[in-house]
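S.K.: Submitted below is the structure of interest, expressed as structure tokens.
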Amino acid sequence: GFNVALFHAINNIHFGFLDSFMLLGTALGDHGNFPLYLALLVLTAFVAVARMPVQDAASQHTQALRWLAAVAVFSVAYVVDGWVISALKPMLDFPRPPLALPEGTVTVVGLAEYHHSLPSGHASFAMLVVASLWPLFKRWWRVAAALFALWVGVSRISLGAHFPADVLAGFLLSLTVVTLVFVAVKNLGRLLHRMN
């Protein structure tokens with residue numbers, strides 16, 4: 001019903017710039033980018049903490065812990081999310097749009113894929129990046145982060161790789177994983193603080 005109708009509404013719109021833009025969104029949402037994103041996160045954390053005034057040691061310590069927590073959440077959630085997705089995709093083995101829908105009704109840009117549709121790994125990774133860093137972001141960065149996740153998710157539909165339900169499942173899966181990991185890291189931090 002609605003899942004297929006929304007898929008067609010997005011997948012039926014194609015022109016040169018849009019296809020290139022969607023391919024870029026998919027490329028940025030590839031989980032293989034994790035080492036690069038982790039390196040950028042660590043570098044940004046280092047610069048942010050190093051630029052704080054030395055006189056304000058308490059604030060610097062708090063800021064350093066926030067950045068360290070974000071790095072920990074991002075790293076651990078990436079591993080957990082990867083395990084869950086690698087188990088779910090083959091177990092569910094949902095067909096992708098080119099296999100599930102009548103021939104000639106799906107526009108595929110790039111390589112066609114036919115199996116392991118639910119959940120979308122790209123959408124999941126994009127949400128993992130956004131949710132892990134959310135506590136660090138100010139208002140406009142949060143808007144940009146939300147638009148990034150949306151861009152990656154829509155790109156998977158536009159390119160003919162996933163249904164909207166696959167994208168939504170990927171978003172919800174990573175949001176759940178990041179939330180659980182965040183709570184675990186926060187509780188671990190409190191426990192270590194009490195032990196000191």
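Please note that chains go A, B, ... in the order of the structure tokens, that every chain numbers its residues from 1, and that ligands are numbered from 1 in the order shown.
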Name the residues in contact with stretch 104-120 of chain A at a cut-off of 10 Å, using only C-alpha atoms, excluding same-chain residues fewer than 4 positions from it; report them as a VMD selection string.
M.R.: chain A and resid 7 to 8 11 to 14 19 to 20 22 to 23 84 to 86 88 to 100 124 to 125 153 156 to 173
S.K.: Need to verify the contact set: stretch 44-49 of chain A, 7 Å, only C-alpha atoms, exclusion of same-chain residues closer than 2 positions in sequence. Can you return it as a PyMOL selection string?
M.R.: chain A and resi 40-42+51-52+60+63-64+67
S.K.: Taking only C-alpha atoms into account, name the residue in A:Val130, A:Phe21, A:Leu6, A:Leu192 that is nearest to A:Arg142.
M.R.: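 Checking each of A:Val130, A:Phe21, A:Leu6, A:Leu192 against A:Arg142, counting only C-alpha atoms, the winner is A:Val130.
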S.K.: Give me, please, the distance in Å between atom CA of A:Ser174 and atom CA of A:Gly82, quoted to one decimal.
M.R.: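 Separation of atom CA of A:Ser174 and atom CA of A:Gly82: 9.6 Å.
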S.K.: Using DSSP on the backbone coordinates, identify the residues of stretch 20-161 of chain A assigned to helix (DSSP H, G or I); present them as a PyMOL selection string.
M.R.: chain A and resi 20-28+31-50+57-92+97-100+121-136+139-158
S.K.: Would you mind exporting the chosen residues as a short mmCIF file (atom, residue, chain, number, x, y, z; two decimals), in the first residue's frame, restricted to C-alpha atoms?
M.R.:
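Dumped everything to again35.cif:
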```
data_model
loop_
_atom_site.label_atom_id
_atom_site.label_comp_id
_atom_site.auth_asym_id
_atom_site.auth_seq_id
_atom_site.Cartn_x
_atom_site.Cartn_y
_atom_site.Cartn_z
CA SER A 20 24.35 12.43 -8.78
CA PHE A 21 23.17 14.05 -5.55
CA MET A 22 21.50 10.81 -4.45
CA LEU A 23 24.59 8.76 -5.33
CA LEU A 24 26.62 11.12 -3.14
CA GLY A 25 24.15 10.70 -0.27
CA THR A 26 24.44 6.93 -0.54
CA ALA A 27 28.24 7.14 -0.67
CA LEU A 28 28.34 9.28 2.48
CA HIS A 31 29.24 2.05 6.74
CA GLY A 32 32.69 1.63 5.21
CA ASN A 33 33.21 5.32 6.02
CA PHE A 34 33.31 4.53 9.75
CA PRO A 35 37.13 4.83 10.09
CA LEU A 36 37.09 8.22 8.34
CA TYR A 37 34.19 9.53 10.45
CA LEU A 38 35.81 8.21 13.63
CA ALA A 39 39.10 9.93 12.75
CA LEU A 40 37.26 13.22 12.07
CA LEU A 41 35.37 12.89 15.35
CA VAL A 42 38.54 12.27 17.37
CA LEU A 43 40.33 15.16 15.64
CA THR A 44 37.39 17.51 16.23
CA ALA A 45 37.23 16.44 19.89
CA PHE A 46 40.93 17.11 20.33
CA VAL A 47 40.66 20.58 18.78
CA ALA A 48 37.50 21.48 20.75
CA VAL A 49 39.04 20.50 24.09
CA ALA A 50 42.46 22.01 23.32
CA ALA A 57 39.86 23.31 34.23
CA ALA A 58 36.47 22.06 35.44
CA SER A 59 34.71 23.03 32.20
CA GLN A 60 37.56 21.60 30.15
CA HIS A 61 37.28 18.30 32.04
CA THR A 62 33.49 18.18 31.53
CA GLN A 63 33.85 19.00 27.82
CA ALA A 64 36.54 16.35 27.39
CA LEU A 65 34.28 13.75 29.01
CA ARG A 66 31.40 14.70 26.68
CA TRP A 67 33.60 14.24 23.62
CA LEU A 68 35.05 10.99 24.99
CA ALA A 69 31.52 9.69 25.60
CA ALA A 70 30.53 10.56 22.02
CA VAL A 71 33.56 8.70 20.64
CA ALA A 72 32.75 5.69 22.84
CA VAL A 73 29.05 5.67 21.91
CA PHE A 74 29.84 6.02 18.19
CA SER A 75 32.40 3.20 18.27
CA VAL A 76 30.48 0.71 20.41
CA ALA A 77 27.15 1.42 18.70
CA TYR A 78 28.80 0.86 15.31
CA VAL A 79 29.92 -2.63 16.36
CA VAL A 80 26.57 -3.55 17.94
CA ASP A 81 24.58 -2.12 15.03
CA GLY A 82 26.74 -4.05 12.57
CA TRP A 83 26.14 -7.32 14.41
CA VAL A 84 22.39 -6.78 14.52
CA ILE A 85 22.12 -5.80 10.85
CA SER A 86 24.34 -8.66 9.67
CA ALA A 87 22.05 -11.07 11.55
CA LEU A 88 18.72 -9.48 10.53
CA LYS A 89 19.27 -9.00 6.80
CA PRO A 90 19.86 -12.67 5.87
CA MET A 91 17.38 -13.94 8.47
CA LEU A 92 14.53 -11.78 7.13
CA PRO A 97 12.30 -3.24 -5.04
CA PRO A 98 13.70 -4.61 -8.37
CA LEU A 99 12.75 -8.14 -7.29
CA ALA A 100 9.55 -7.35 -5.35
CA GLY A 121 22.27 -0.50 6.28
CA HIS A 122 22.97 2.93 4.80
CA ALA A 123 20.03 4.53 6.61
CA SER A 124 21.08 2.75 9.78
CA PHE A 125 24.65 4.03 9.57
CA ALA A 126 23.51 7.59 8.81
CA MET A 127 21.26 7.54 11.87
CA LEU A 128 24.08 6.04 13.95
CA VAL A 129 26.34 8.97 13.05
CA VAL A 130 23.64 11.54 13.78
CA ALA A 131 22.33 9.99 17.01
CA SER A 132 25.83 9.38 18.42
CA LEU A 133 26.83 13.01 17.94
CA TRP A 134 23.45 14.59 18.75
CA PRO A 135 24.35 15.55 22.36
CA LEU A 136 27.33 17.57 21.05
CA ARG A 139 20.63 23.90 17.07
CA TRP A 140 21.84 24.47 13.49
CA TRP A 141 24.16 21.46 13.57
CA ARG A 142 21.18 19.36 14.64
CA VAL A 143 19.19 20.60 11.66
CA ALA A 144 22.12 19.76 9.34
CA ALA A 145 22.51 16.32 10.95
CA ALA A 146 18.80 15.52 10.55
CA LEU A 147 18.94 16.62 6.89
CA PHE A 148 22.00 14.39 6.37
CA ALA A 149 20.16 11.32 7.70
CA LEU A 150 17.10 12.17 5.61
CA TRP A 151 19.27 12.64 2.49
CA VAL A 152 20.88 9.23 2.91
CA GLY A 153 17.52 7.57 3.53
CA VAL A 154 15.81 9.18 0.54
CA SER A 155 18.84 8.36 -1.65
CA ARG A 156 18.32 4.64 -1.03
CA ILE A 157 14.74 4.90 -2.27
CA SER A 158 15.59 7.18 -5.18
#
```
